[in-house]
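For reference, the structure is listed below as structure tokens.
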There are 2 protein chains.
Amino acid sequence: MKQDGRTVRIVDVARVAGVSPGTVSKALNDSGSLRPATRERVRAVAEQLGFVSDAGARALSMRRTFIVGLLSTDDVGRFSLPVMLGAENALTVGEISTLLATARRDSVREQHHLRSLIARRVDGIIVTGKATDARQPLRVPVPVVYALTPSAGPDDMSVVPDDAAGMRLIVDHLRTLGHRRVAHVGGRADRHASRVRLESLRAALAAAGMELVGPPLFGEWSEPWGRQAADLVLRETAPGALPVTAVVCASDQLARAVGDRLRERGVRVPHDIAVTGYDNWDVMWEASRPQLTTVDMELETIGRRAAERLLAAITAGPDDAPPGGVELVPPRLVVRGSTIAGD
Amino acid sequence: MKQDGRTVRIVDVARVAGVSPGTVSKALNDSGSLRPATRERVRAVAEQLGFVSDAGARALSMRRTFIVGLLSTDDVGRFSLPVMLGAENALTVGEISTLLATARRDSVREQHHLRSLIARRVDGIIVTGKATDARQPLRVPVPVVYALTPSAGPDDMSVVPDDAAGMRLIVDHLRTLGHRRVAHVGGRADRHASRVRLESLRAALAAAGMELVGPPLFGEWSEPWGRQAADLVLRETAPGALPVTAVVCASDQLARAVGDRLRERGVRVPHDIAVTGYDNWDVMWEASRPQLTTVDMELETIGRRAAERLLAAITAGPDDAPPGGVELVPPRLVVRGSTIAGD
DNA sequence: GAAATTCGGGAAAACGGTTTCCGCCGACCA
DNA sequence: TGGTCGGCGGAAACCGTTTTCCCGAATTTC
């Protein structure tokens, strides 16, 4: 790692090793045909001199930067962060660097970042967002994969959580426990995730011969709304109405709030009413009393898969591009005390 | 932005504009001496052809990449994320790209990333972590700024939150409200933040002529511990002991849990006991009943300052380096219902 | 009107690698 | 012993910019 003066270049290594620069390059990259002895000698010298190949210069001649852009459309938060980390991790393994670009839901910023990424000649771009609502596709001359937030173009490469499967996991779990009548507490009605989760819940319930009680409740993705919704559920289950035995919530935050409120109202969870969450958000399931049964969307896996598909597209080249389309990542059920007593 | 075939290079622009490549470069960079007419003409052609200068090639000849590395030592989370975003934002404004590198508290990964950043010839590095405990300094040939997690080397450039000031804000606020006797609920005892906040609290209380009641309570940074701690505080304030009128918590998570528990025990917040948090974490202060009075550490500002200091160090060069040392970023008091009724 | 300045723009050398092509040398074979 | 072949390594072109001269022309100055 040079300490002072200038960085050690390939010619420095060449001079010390008594070979030509080209030979050094071949030795370090396992290319060309070199005698093992030479290869070793050069490598030793490079090592000893602390030579680190200039990635920029290499990129220039290889016409490949080994950099991909990670573009976050809206706010980076609880959902997009794991996706980004999963992607970064997978890219690092592939010896690829990650350029961070956050647009903060400002299209001017997004354009600016995009231009910057293009100028850097990134090999590809991964686009993320916090929601699962589709977004307009990017028009850029490099491969793009959309993670978490899919592209509106059906032939683009997208990787998203399989919310339908998640709801089926929940319903199957509840059915096994003997529940037949459930209520649903959702978040913002205008969100794609809300619609999908409700529809999936309906389908899964129908398939299991179970019943959705009361109207679907939509409000905010917040605890105050969750508590309020719990009251509404209890009103629905008031004397005269048939009681629900489980409340399926669209997020851990809601579930935690519903649980809190039920507890305050003297309802025992899970004995009287079971509660399920969604997201497997540690802060929420850990604080909940009892802890939450929930679904983990495997966000890191989503990021990893996005990276893998991008890499495939990059190495394949624009000619024989790998298949596009939406890839659904299967979620995982995590069972805790809010559905099964004894936790 | 080219659609097909090859990217448009500077020679393409030159040919179409009927000038030499060097002239194009000068026109686009406002360098050299060119007739305004020529400059405009070249620019128009570049624009029309959708020319985007190759940042890598430019870096090669300018010996400056305009890239900085953003190295996250441990987990990227609630604390380091805003810092990173603040830094990224400031860097973007300065036309600098951000290379993401997350070590996940694995020193092998950190070394790997470091080597990669050096290979990319980054102009500088910003190091972050989730805690305020000092870390070993990096040994690299480029300027480094430590954000949130300071360097153990006192002459290195570090930017951290001013927790002492934060506690003073809290205490002043409580004093104004007439409180005289307070309890403290902390998180993990082995954390730097815990020690600093307790010491600052003590100092501020002493200066205000107020009293810390009971032993400082340390446990985990979790709601279960917060609830447990609330019980301990109530025991301390049991008949016979002089009552505390406020509980100062080391985090919003703890404060929220303390508030929940007090509420369950029939204690009215803030009438009987006021509660304060720390972090201004929306998820927590919003869910709390009443909402939390807390301190915002201005994490984005910390990131921004780190970026600004790094940029200064980069442009100054290694010769006349700007002053190192720890910079404290002043926090901000946010008053809500947990200390003042009527919310 | 000739000499001395500007001024505008071109030629070419970096920047630090990779890669293609080619020549040399030793070995093998007849 | 001479010719051929294969393996090893060097020379040089190239990747796409920037930047330093440097030259020719247009202007000024005496």
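How things are named: the first chain in the structure tokens is A, the next is B, and so on; residues count from 1 in each chain; ligands count from 1 in the order shown.
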How close does each residue of chain B get to chain C, giving the shortest atom pair and distance in Å to one decimal for every residue with an atom at most 7 Å away, counting only C-alpha atoms (C1' of nucleotides), sorted by chain and residue number, as a tab-separated table?
```
residue	atom	partner	partner_atom	distance
B:Ser20	CA	C:DG10	C1'	6.4
B:Thr23	CA	C:DG9	C1'	6.7
B:Ser33	CA	C:DG8	C1'	6.8
B:Leu34	CA	C:DG8	C1'	5.8
B:Arg35	CA	C:DG8	C1'	6.6
B:Leu60	CA	C:DC15	C1'	4.9
B:Ser61	CA	C:DC15	C1'	4.4
```
Checklist line | Val145 of chain B surroundings by only C-alpha atoms (C1' of nucleotides), 7 Å radius, close-in-sequence under 4 positions cut, as a PyMOL selection string | finding: chain B and resi 125-127+157-158+306+310
Next item on the list: Write down, as an NGL selection string, each residue of chain D that has any atom within 7 Å of an atom of chain B, counting only C-alpha atoms (C1' of nucleotides).
Entry: :D and (16-18)
Notebook entry, point to check: Which residues in segment 5-191 of chain B does DSSP call strand (DSSP E)? List them as a ChimeraX atom specification.
Noted result: /B:67-72,97-102,124-128,144-147,157-161,181-185
Item checked: Within 8 Å of chain B: residues of chain A, using only C-alpha atoms, as number ranges by chain -> A: 1-4, 52-57, 59-60, 85, 88, 97-102, 116, 118-121, 140-141, 222-224, 286-287
